[in-house]
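Student: This is my_file-v7.txt, which holds compact mmCIF, C-alpha atoms and all ligand atoms:
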# COMPACT_ATOMS: atom_id res chain seq x y z
CA MET C 1 4.23 -3.15 6.55
CA SER C 2 7.79 -3.91 5.57
CA ASP C 3 9.69 -6.26 3.35
CA LYS C 4 13.29 -7.15 2.79
CA HIS C 5 14.38 -5.77 -0.57
CA ASP C 6 17.26 -7.19 -2.62
CA ALA C 7 19.88 -4.70 -1.44
CA PHE C 8 18.21 -2.61 1.25
CA GLN C 9 15.36 -2.57 3.73
CA VAL C 10 12.13 -1.06 2.40
CA SER C 11 9.20 -0.15 4.61
CA ILE C 12 5.75 0.68 3.30
CA ASP C 13 3.63 2.84 5.58
CA LEU C 14 0.67 5.19 5.54
CA MET C 15 1.62 8.52 3.97
CA ARG C 16 1.70 11.46 6.41
CA LYS C 17 1.50 15.21 5.82
CA ALA C 18 5.12 15.39 7.03
CA ASP C 19 6.10 13.26 3.98
CA LEU C 20 4.83 15.87 1.52
CA PRO C 21 8.10 17.81 0.92
CA GLU C 22 9.84 14.60 -0.20
CA ILE C 23 6.78 13.46 -2.14
CA LEU C 24 6.41 16.77 -3.97
CA ALA C 25 10.06 16.61 -5.04
CA ILE C 26 9.48 13.13 -6.54
CA GLU C 27 6.19 14.27 -8.10
CA ARG C 28 7.90 17.22 -9.83
CA GLU C 29 10.71 15.11 -11.27
CA SER C 30 8.22 12.45 -12.43
CA PHE C 31 5.36 14.24 -14.19
CA SER C 32 4.89 16.99 -16.79
CA ALA C 33 1.76 18.14 -14.92
CA PRO C 34 2.61 17.39 -11.26
CA TRP C 35 0.01 17.37 -8.52
CA THR C 36 0.12 20.32 -6.12
CA GLU C 37 0.48 20.06 -2.34
CA ALA C 38 -3.25 20.85 -2.01
CA MET C 39 -4.11 17.87 -4.22
CA PHE C 40 -2.08 15.53 -1.98
CA ILE C 41 -3.70 17.00 1.14
CA ASN C 42 -7.15 16.38 -0.39
CA GLU C 43 -6.21 12.73 -0.91
CA LEU C 44 -4.87 12.40 2.65
CA ASP C 45 -8.16 13.80 3.94
CA CYS C 46 -10.35 11.68 1.66
CA ALA C 47 -12.10 8.68 3.21
CA HIS C 48 -11.95 6.64 -0.04
CA ALA C 49 -8.24 7.20 -0.61
CA GLN C 50 -5.39 4.97 0.51
CA CYS C 51 -2.06 6.81 0.49
CA LEU C 52 1.12 4.82 1.07
CA SER C 53 4.78 5.71 0.94
CA ALA C 54 7.83 3.46 0.60
CA ARG C 55 10.94 4.38 2.56
CA ILE C 56 14.40 2.97 2.12
CA ASN C 57 16.09 2.59 5.44
CA PHE C 58 19.80 3.09 5.93
CA GLY C 59 20.52 2.38 9.59
CA LYS C 60 18.70 5.07 11.56
CA LYS C 61 18.07 7.22 8.47
CA SER C 62 15.45 6.75 5.77
CA VAL C 63 14.68 8.24 2.38
CA LEU C 64 11.19 8.45 0.94
CA ALA C 65 11.66 6.65 -2.37
CA ALA C 66 8.16 6.04 -3.77
CA TYR C 67 4.45 6.46 -3.15
CA ILE C 68 1.09 5.21 -4.30
CA ILE C 69 -2.42 6.60 -3.97
CA PHE C 70 -5.49 4.57 -4.83
CA TRP C 71 -9.21 4.76 -4.21
CA ILE C 72 -11.51 2.02 -3.06
CA VAL C 73 -14.76 2.75 -4.89
CA ALA C 74 -17.61 0.27 -4.46
CA ASP C 75 -16.02 -3.07 -5.46
CA GLU C 76 -13.13 -1.64 -7.49
CA VAL C 77 -9.72 -0.22 -6.74
CA HIS C 78 -8.65 2.80 -8.83
CA LEU C 79 -4.99 3.77 -9.03
CA HIS C 80 -4.64 7.56 -8.79
CA ASN C 81 -0.93 8.21 -8.44
CA LEU C 82 2.32 6.24 -8.41
CA ALA C 83 5.89 7.49 -8.67
CA VAL C 84 9.39 6.39 -7.74
CA LYS C 85 12.33 8.71 -7.06
CA LYS C 86 14.59 8.59 -10.13
CA GLU C 87 17.65 7.20 -8.35
CA PHE C 88 15.64 4.23 -7.00
CA ARG C 89 13.89 3.17 -10.21
CA ARG C 90 14.14 -0.39 -11.65
CA GLN C 91 14.43 -1.90 -8.19
CA ASN C 92 10.87 -3.25 -7.96
CA LEU C 93 9.58 -0.46 -5.72
CA ALA C 94 6.61 0.29 -7.99
CA LEU C 95 5.95 -3.42 -8.40
CA ASN C 96 5.89 -3.86 -4.61
CA LEU C 97 3.58 -0.88 -4.09
CA LEU C 98 1.16 -2.21 -6.70
CA LYS C 99 1.26 -5.67 -5.08
CA THR C 100 0.49 -4.00 -1.74
CA MET C 101 -2.49 -2.25 -3.37
CA GLU C 102 -3.68 -5.62 -4.70
CA ASP C 103 -3.20 -7.29 -1.28
CA ILE C 104 -5.28 -4.59 0.44
CA ALA C 105 -7.97 -4.93 -2.23
CA LYS C 106 -8.00 -8.72 -1.80
CA GLN C 107 -8.30 -8.48 1.98
CA ILE C 108 -11.51 -6.47 1.66
CA GLY C 109 -13.00 -8.64 -1.06
CA ILE C 110 -12.42 -6.37 -4.06
CA ARG C 111 -12.19 -8.21 -7.37
CA ALA C 112 -11.09 -5.62 -9.95
CA GLN C 113 -8.43 -2.95 -10.26
CA THR C 114 -8.15 -0.19 -12.85
CA LEU C 115 -5.95 2.74 -13.87
CA GLU C 116 -5.35 5.34 -16.57
CA VAL C 117 -1.96 5.94 -18.13
CA ARG C 118 -0.61 8.26 -20.84
CA GLN C 119 -0.19 6.31 -24.07
CA SER C 120 3.44 7.56 -24.29
CA ASN C 121 4.33 6.22 -20.83
CA LYS C 122 5.87 2.97 -22.03
CA ALA C 123 7.68 2.27 -18.73
CA ALA C 124 4.44 2.40 -16.74
CA ILE C 125 2.52 0.38 -19.34
CA LYS C 126 5.22 -2.36 -19.20
CA LEU C 127 5.01 -2.35 -15.40
CA TYR C 128 1.21 -2.69 -15.41
CA GLU C 129 1.30 -5.43 -18.06
CA LYS C 130 3.78 -7.34 -15.90
CA LEU C 131 1.14 -7.36 -13.16
CA GLY C 132 -1.59 -8.61 -15.47
CA PHE C 133 -3.27 -5.33 -16.46
CA VAL C 134 -4.71 -5.29 -19.97
CA VAL C 135 -5.91 -2.39 -22.11
CA LYS C 136 -9.70 -2.16 -22.10
CA GLY C 137 -10.31 1.36 -23.40
CA ARG C 138 -9.02 4.78 -24.29
CA ARG C 139 -10.05 8.36 -23.40
CA PRO C 140 -9.13 10.62 -26.34
CA ASN C 141 -7.30 13.91 -25.53
CA TYR C 142 -7.63 13.16 -21.82
CA TYR C 143 -4.47 14.95 -20.63
CA THR C 144 -4.94 18.69 -20.94
CA ASP C 145 -1.22 19.59 -21.10
CA THR C 146 -0.39 17.44 -24.16
CA LYS C 147 -3.87 16.46 -25.41
CA GLU C 148 -2.64 12.90 -25.17
CA ASP C 149 -5.00 9.94 -24.97
CA ALA C 150 -5.38 8.02 -21.72
CA ILE C 151 -5.16 4.25 -21.95
CA ILE C 152 -7.55 2.53 -19.54
CA MET C 153 -6.27 -0.74 -18.08
CA TRP C 154 -7.96 -3.33 -15.88
CA ALA C 155 -6.79 -6.40 -13.99
CA ASP C 156 -8.49 -8.96 -11.77
CA VAL C 157 -7.43 -8.98 -8.14
CA LYS C 158 -5.64 -12.32 -7.80
C1 LIG W 1 6.79 3.89 -13.99
C2 LIG W 1 7.52 3.85 -12.63
C3 LIG W 1 6.51 4.07 -11.51
C4 LIG W 1 8.19 2.46 -12.48
O1 LIG W 1 8.78 2.40 -11.19
P1 LIG W 1 9.98 1.41 -10.87
O2 LIG W 1 10.07 1.25 -9.40
O3 LIG W 1 11.21 1.84 -11.59
O4 LIG W 1 9.47 0.05 -11.53
P2 LIG W 1 9.88 -1.42 -11.08
O5 LIG W 1 11.34 -1.46 -10.74
O6 LIG W 1 8.93 -1.92 -10.04
O7 LIG W 1 9.65 -2.19 -12.46
C5 LIG W 1 9.02 -3.45 -12.57
C6 LIG W 1 8.92 -3.82 -14.02
O8 LIG W 1 8.20 -2.81 -14.76
C7 LIG W 1 8.78 -2.65 -16.07
N1 LIG W 1 9.45 -1.34 -16.18
C8 LIG W 1 9.63 -0.43 -15.19
N2 LIG W 1 10.28 0.65 -15.67
C9 LIG W 1 10.53 0.40 -16.98
C10 LIG W 1 11.20 1.12 -18.01
N3 LIG W 1 11.74 2.35 -17.79
N4 LIG W 1 11.27 0.58 -19.24
C11 LIG W 1 10.74 -0.64 -19.50
N5 LIG W 1 10.11 -1.40 -18.55
C12 LIG W 1 10.01 -0.88 -17.31
C13 LIG W 1 9.82 -3.76 -16.19
O9 LIG W 1 9.14 -4.93 -16.65
C14 LIG W 1 10.24 -3.93 -14.74
O10 LIG W 1 10.82 -5.17 -14.47
P3 LIG W 1 12.41 -5.37 -14.75
O11 LIG W 1 13.12 -4.22 -14.09
O12 LIG W 1 12.68 -6.70 -14.10
O13 LIG W 1 12.58 -5.36 -16.24
C15 LIG W 1 8.66 4.92 -12.58
O14 LIG W 1 9.42 4.86 -13.77
C16 LIG W 1 8.17 6.34 -12.39
O15 LIG W 1 8.02 6.81 -11.27
N6 LIG W 1 7.86 7.03 -13.52
C17 LIG W 1 7.37 8.41 -13.47
C18 LIG W 1 5.97 8.46 -12.88
C19 LIG W 1 4.99 7.59 -13.65
O16 LIG W 1 5.04 7.46 -14.87
N7 LIG W 1 4.05 6.98 -12.89
C20 LIG W 1 3.01 6.15 -13.46
C21 LIG W 1 1.87 7.03 -13.88
S1 LIG W 1 0.56 6.09 -14.62
Could you write out this structure as structure tokens?

Tutor:
Amino acid sequence: MSDKHDAFQVSIDLMRKADLPEILAIERESFSAPWTEAMFINELDCAHAQCLSARINFGKKSVLAAYIIFWIVADEVHLHNLAVKKEFRRQNLALNLLKTMEDIAKQIGIRAQTLEVRQSNKAAIKLYEKLGFVVKGRRPNYYTDTKEDAIIMWADVK
């Protein structure tokens, strides 16, 4: 998979174990309770999980700039993880990864997509709203580090 980005070439591919050092660096700069390497390996080994990474290509070199992990469960797609390297944010990388998730869901006949997000994560909530996600519920004290509520959002696969 690849698409021409505004200013640079972005390619979206299946995540590999060799990507994990770059992914873990993004994970640690992105979350207060980052996933461990073992958690990523579990996802890579899981039959339900789709793990994709987005690379920015500069000539023969590339930088891993973003990743997404989602599960196909019955007739729903569940977003599990999404992060963009700080220096590449606000360049539609997350938007493109979420559209790729939706395209994959559509191709296999899935009709609904869902996710959980910290109520304080205004950037992510704005992003999801832009793609048509709406708030359908809340899990009180869901995040163990801050006791924050999780907002549950759903969108139709279009
Ligand atoms: C949330 C996150 C994934 C967004 O990634 P991104 O690649 O910068 O987002 P995009 O460039 O695709 O943004 C698309 C739209 O989402 C909204 N958005 C994204 N970041 C935003 C921000 N910081 N503030 C307000 N709106 C924002 C905007 O509507 C934006 O469109 P615009 O730039 O034309 O205004 C990124 O900030 C990140 O990695 N955060 C830390 C990890 C995280 O919170 N992951 C989500 C967990 S649920």

Student: Choose the residue, out of C:Ala123, C:Ala54, C:Cys46, C:Leu97, that has the smallest atom-to-atom separation from ligand LIG 1 (chain W); count all atoms listed in the file.

Tutor: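 That would be C:Ala123, the residue with the smallest distance to ligand LIG 1 (chain W).
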
Student: Can you work out which residues are within 10 Å of ligand LIG 1 (chain W), considering only C-alpha atoms and all ligand atoms, and then hand them over as a PDB file with C-alpha atoms, in the coordinates of the input?

Tutor:
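The result, stored in part-v5.pdb:
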ATOM      1  CA  ILE C  26       9.480  13.130  -6.540  1.00  0.00           C
ATOM      2  CA  GLU C  27       6.190  14.270  -8.100  1.00  0.00           C
ATOM      3  CA  ARG C  28       7.900  17.220  -9.830  1.00  0.00           C
ATOM      4  CA  GLU C  29      10.710  15.110 -11.270  1.00  0.00           C
ATOM      5  CA  SER C  30       8.220  12.450 -12.430  1.00  0.00           C
ATOM      6  CA  PHE C  31       5.360  14.240 -14.190  1.00  0.00           C
ATOM      7  CA  SER C  32       4.890  16.990 -16.790  1.00  0.00           C
ATOM      8  CA  PRO C  34       2.610  17.390 -11.260  1.00  0.00           C
ATOM      9  CA  ALA C  65      11.660   6.650  -2.370  1.00  0.00           C
ATOM     10  CA  ALA C  66       8.160   6.040  -3.770  1.00  0.00           C
ATOM     11  CA  TYR C  67       4.450   6.460  -3.150  1.00  0.00           C
ATOM     12  CA  ILE C  68       1.090   5.210  -4.300  1.00  0.00           C
ATOM     13  CA  LEU C  79      -4.990   3.770  -9.030  1.00  0.00           C
ATOM     14  CA  HIS C  80      -4.640   7.560  -8.790  1.00  0.00           C
ATOM     15  CA  ASN C  81      -0.930   8.210  -8.440  1.00  0.00           C
ATOM     16  CA  LEU C  82       2.320   6.240  -8.410  1.00  0.00           C
ATOM     17  CA  ALA C  83       5.890   7.490  -8.670  1.00  0.00           C
ATOM     18  CA  VAL C  84       9.390   6.390  -7.740  1.00  0.00           C
ATOM     19  CA  LYS C  85      12.330   8.710  -7.060  1.00  0.00           C
ATOM     20  CA  LYS C  86      14.590   8.590 -10.130  1.00  0.00           C
ATOM     21  CA  GLU C  87      17.650   7.200  -8.350  1.00  0.00           C
ATOM     22  CA  PHE C  88      15.640   4.230  -7.000  1.00  0.00           C
ATOM     23  CA  ARG C  89      13.890   3.170 -10.210  1.00  0.00           C
ATOM     24  CA  ARG C  90      14.140  -0.390 -11.650  1.00  0.00           C
ATOM     25  CA  GLN C  91      14.430  -1.900  -8.190  1.00  0.00           C
ATOM     26  CA  ASN C  92      10.870  -3.250  -7.960  1.00  0.00           C
ATOM     27  CA  LEU C  93       9.580  -0.460  -5.720  1.00  0.00           C
ATOM     28  CA  ALA C  94       6.610   0.290  -7.990  1.00  0.00           C
ATOM     29  CA  LEU C  95       5.950  -3.420  -8.400  1.00  0.00           C
ATOM     30  CA  ASN C  96       5.890  -3.860  -4.610  1.00  0.00           C
ATOM     31  CA  LEU C  97       3.580  -0.880  -4.090  1.00  0.00           C
ATOM     32  CA  LEU C  98       1.160  -2.210  -6.700  1.00  0.00           C
ATOM     33  CA  LYS C  99       1.260  -5.670  -5.080  1.00  0.00           C
ATOM     34  CA  LEU C 115      -5.950   2.740 -13.870  1.00  0.00           C
ATOM     35  CA  GLU C 116      -5.350   5.340 -16.570  1.00  0.00           C
ATOM     36  CA  VAL C 117      -1.960   5.940 -18.130  1.00  0.00           C
ATOM     37  CA  ARG C 118      -0.610   8.260 -20.840  1.00  0.00           C
ATOM     38  CA  GLN C 119      -0.190   6.310 -24.070  1.00  0.00           C
ATOM     39  CA  SER C 120       3.440   7.560 -24.290  1.00  0.00           C
ATOM     40  CA  ASN C 121       4.330   6.220 -20.830  1.00  0.00           C
ATOM     41  CA  LYS C 122       5.870   2.970 -22.030  1.00  0.00           C
ATOM     42  CA  ALA C 123       7.680   2.270 -18.730  1.00  0.00           C
ATOM     43  CA  ALA C 124       4.440   2.400 -16.740  1.00  0.00           C
ATOM     44  CA  ILE C 125       2.520   0.380 -19.340  1.00  0.00           C
ATOM     45  CA  LYS C 126       5.220  -2.360 -19.200  1.00  0.00           C
ATOM     46  CA  LEU C 127       5.010  -2.350 -15.400  1.00  0.00           C
ATOM     47  CA  TYR C 128       1.210  -2.690 -15.410  1.00  0.00           C
ATOM     48  CA  GLU C 129       1.300  -5.430 -18.060  1.00  0.00           C
ATOM     49  CA  LYS C 130       3.780  -7.340 -15.900  1.00  0.00           C
ATOM     50  CA  LEU C 131       1.140  -7.360 -13.160  1.00  0.00           C
ATOM     51  CA  ALA C 150      -5.380   8.020 -21.720  1.00  0.00           C
ATOM     52  CA  ILE C 151      -5.160   4.250 -21.950  1.00  0.00           C
TER      53      ILE C 151
END

Student: Just the number, please: distance in Å from CA of Asp75 in chain C to CA of Lys17 in chain C, one decimal.

Tutor: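 Straight-line distance from CA of Asp75 in chain C to CA of Lys17 in chain C works out to 27.7 Å.
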
Student: Could you tell me how far CA of Thr114 in chain C sits from CA of Ile23 in chain C, in Å to one decimal place?

Tutor: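 Computed distance, CA of Ile23 in chain C to CA of Thr114 in chain C, equals 22.9 Å.
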
Student: Using only C-alpha atoms, which residues sit within 9 Å of Ile56 in chain C once same-chain residues fewer than 6 positions away are excluded, as a list in words?

Tutor: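 My list of contacting residues is Phe8, Gln9, Val10, Ser11, Ser62, Val63, Leu64 and Ala65 of chain C.
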
Student: Between C:Arg16, C:Lys136, C:His48, C:Lys61, which one has atoms that come closest to His78 in chain C, using all atoms listed in the file?

Tutor: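 Closest candidate: C:His48.
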
Student: Which residue is closest to Leu20 in chain C? Choose from C:Trp35, C:Tyr142, C:Phe133, C:Trp154 and count only C-alpha atoms.

Tutor: C:Trp35

Student: Have a look at C:Ala25, C:Ala112, C:Trp71, C:Pro140 and name the one nearest to Ala47 in chain C; count all atoms listed in the file.

Tutor: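 Selected residue with least distance to Ala47 in chain C: C:Trp71.
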
Student: What gap, in Å, lies between CA of Arg55 in chain C and CA of Lys158 in chain C?

Tutor: 25.7 Å

Student: Give as a list in words each residue that has an atom at most 12 Å from (2.4, 14.8, 5.1) in the file, counting all atoms listed in the file.

Tutor: Leu14, Met15, Arg16, Lys17, Ala18, Asp19, Leu20, Pro21, Glu22, Ile23, Leu24, Glu37, Ala38, Met39, Phe40, Ile41, Asn42, Glu43, Leu44, Asp45, Cys51, Leu52, Ser53, Leu64 and Tyr67 of chain C

Student: Between C:Val73, C:Thr36, C:Arg138, C:Thr146, single out the one closest to Ile110 in chain C, counting only C-alpha atoms.

Tutor: C:Val73

Student: Which one of C:Phe58, C:Ile12, C:Ala155, C:Tyr143 sits closest to Glu76 in chain C if you count all atoms listed in the file?

Tutor: C:Ala155

Student: Would you mind exporting range 42-58 of chain C with N, CA and C atoms, as a PDB file, in the first residue's frame?

Tutor:
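Contents of out_25.pdb, as written:
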ATOM      1  N   ASN C  42       2.745  -9.678  21.076  1.00  0.00           N
ATOM      2  CA  ASN C  42       1.463 -10.404  21.184  1.00  0.00           C
ATOM      3  C   ASN C  42       0.520 -10.024  20.052  1.00  0.00           C
ATOM      4  N   GLU C  43       0.466  -8.718  19.750  1.00  0.00           N
ATOM      5  CA  GLU C  43      -0.426  -8.269  18.670  1.00  0.00           C
ATOM      6  C   GLU C  43       0.052  -8.817  17.321  1.00  0.00           C
ATOM      7  N   LEU C  44       1.378  -8.772  17.103  1.00  0.00           N
ATOM      8  CA  LEU C  44       1.912  -9.275  15.822  1.00  0.00           C
ATOM      9  C   LEU C  44       1.619 -10.765  15.651  1.00  0.00           C
ATOM     10  N   ASP C  45       1.542 -11.471  16.769  1.00  0.00           N
ATOM     11  CA  ASP C  45       1.303 -12.920  16.702  1.00  0.00           C
ATOM     12  C   ASP C  45      -0.180 -13.278  16.736  1.00  0.00           C
ATOM     13  N   CYS C  46      -1.040 -12.281  16.901  1.00  0.00           N
ATOM     14  CA  CYS C  46      -2.463 -12.546  17.112  1.00  0.00           C
ATOM     15  C   CYS C  46      -3.212 -12.602  15.768  1.00  0.00           C
ATOM     16  N   ALA C  47      -3.979 -13.652  15.582  1.00  0.00           N
ATOM     17  CA  ALA C  47      -4.670 -13.843  14.300  1.00  0.00           C
ATOM     18  C   ALA C  47      -5.730 -12.769  14.039  1.00  0.00           C
ATOM     19  N   HIS C  48      -6.319 -12.196  15.096  1.00  0.00           N
ATOM     20  CA  HIS C  48      -7.365 -11.172  14.901  1.00  0.00           C
ATOM     21  C   HIS C  48      -6.795  -9.797  14.616  1.00  0.00           C
ATOM     22  N   ALA C  49      -5.506  -9.610  14.902  1.00  0.00           N
ATOM     23  CA  ALA C  49      -4.947  -8.249  14.874  1.00  0.00           C
ATOM     24  C   ALA C  49      -4.376  -7.900  13.512  1.00  0.00           C
ATOM     25  N   GLN C  50      -4.612  -6.665  13.106  1.00  0.00           N
ATOM     26  CA  GLN C  50      -3.983  -6.102  11.907  1.00  0.00           C
ATOM     27  C   GLN C  50      -3.038  -5.014  12.412  1.00  0.00           C
ATOM     28  N   CYS C  51      -1.775  -5.121  12.065  1.00  0.00           N
ATOM     29  CA  CYS C  51      -0.764  -4.176  12.552  1.00  0.00           C
ATOM     30  C   CYS C  51      -0.092  -3.554  11.333  1.00  0.00           C
ATOM     31  N   LEU C  52      -0.234  -2.233  11.209  1.00  0.00           N
ATOM     32  CA  LEU C  52       0.307  -1.535  10.038  1.00  0.00           C
ATOM     33  C   LEU C  52       1.229  -0.407  10.491  1.00  0.00           C
ATOM     34  N   SER C  53       2.262  -0.170   9.692  1.00  0.00           N
ATOM     35  CA  SER C  53       3.104   0.992   9.984  1.00  0.00           C
ATOM     36  C   SER C  53       3.197   1.871   8.745  1.00  0.00           C
ATOM     37  N   ALA C  54       3.358   3.174   8.998  1.00  0.00           N
ATOM     38  CA  ALA C  54       3.488   4.153   7.912  1.00  0.00           C
ATOM     39  C   ALA C  54       4.920   4.671   7.920  1.00  0.00           C
ATOM     40  N   ARG C  55       5.570   4.551   6.779  1.00  0.00           N
ATOM     41  CA  ARG C  55       6.951   5.030   6.642  1.00  0.00           C
ATOM     42  C   ARG C  55       6.978   6.218   5.708  1.00  0.00           C
ATOM     43  N   ILE C  56       7.812   7.175   6.049  1.00  0.00           N
ATOM     44  CA  ILE C  56       8.061   8.299   5.158  1.00  0.00           C
ATOM     45  C   ILE C  56       9.373   8.016   4.454  1.00  0.00           C
ATOM     46  N   ASN C  57       9.315   8.087   3.144  1.00  0.00           N
ATOM     47  CA  ASN C  57      10.483   7.711   2.350  1.00  0.00           C
ATOM     48  C   ASN C  57      11.207   8.953   1.854  1.00  0.00           C
ATOM     49  N   PHE C  58      12.500   8.965   2.109  1.00  0.00           N
ATOM     50  CA  PHE C  58      13.363  10.036   1.597  1.00  0.00           C
ATOM     51  C   PHE C  58      14.393   9.344   0.710  1.00  0.00           C
TER      52      PHE C  58
END
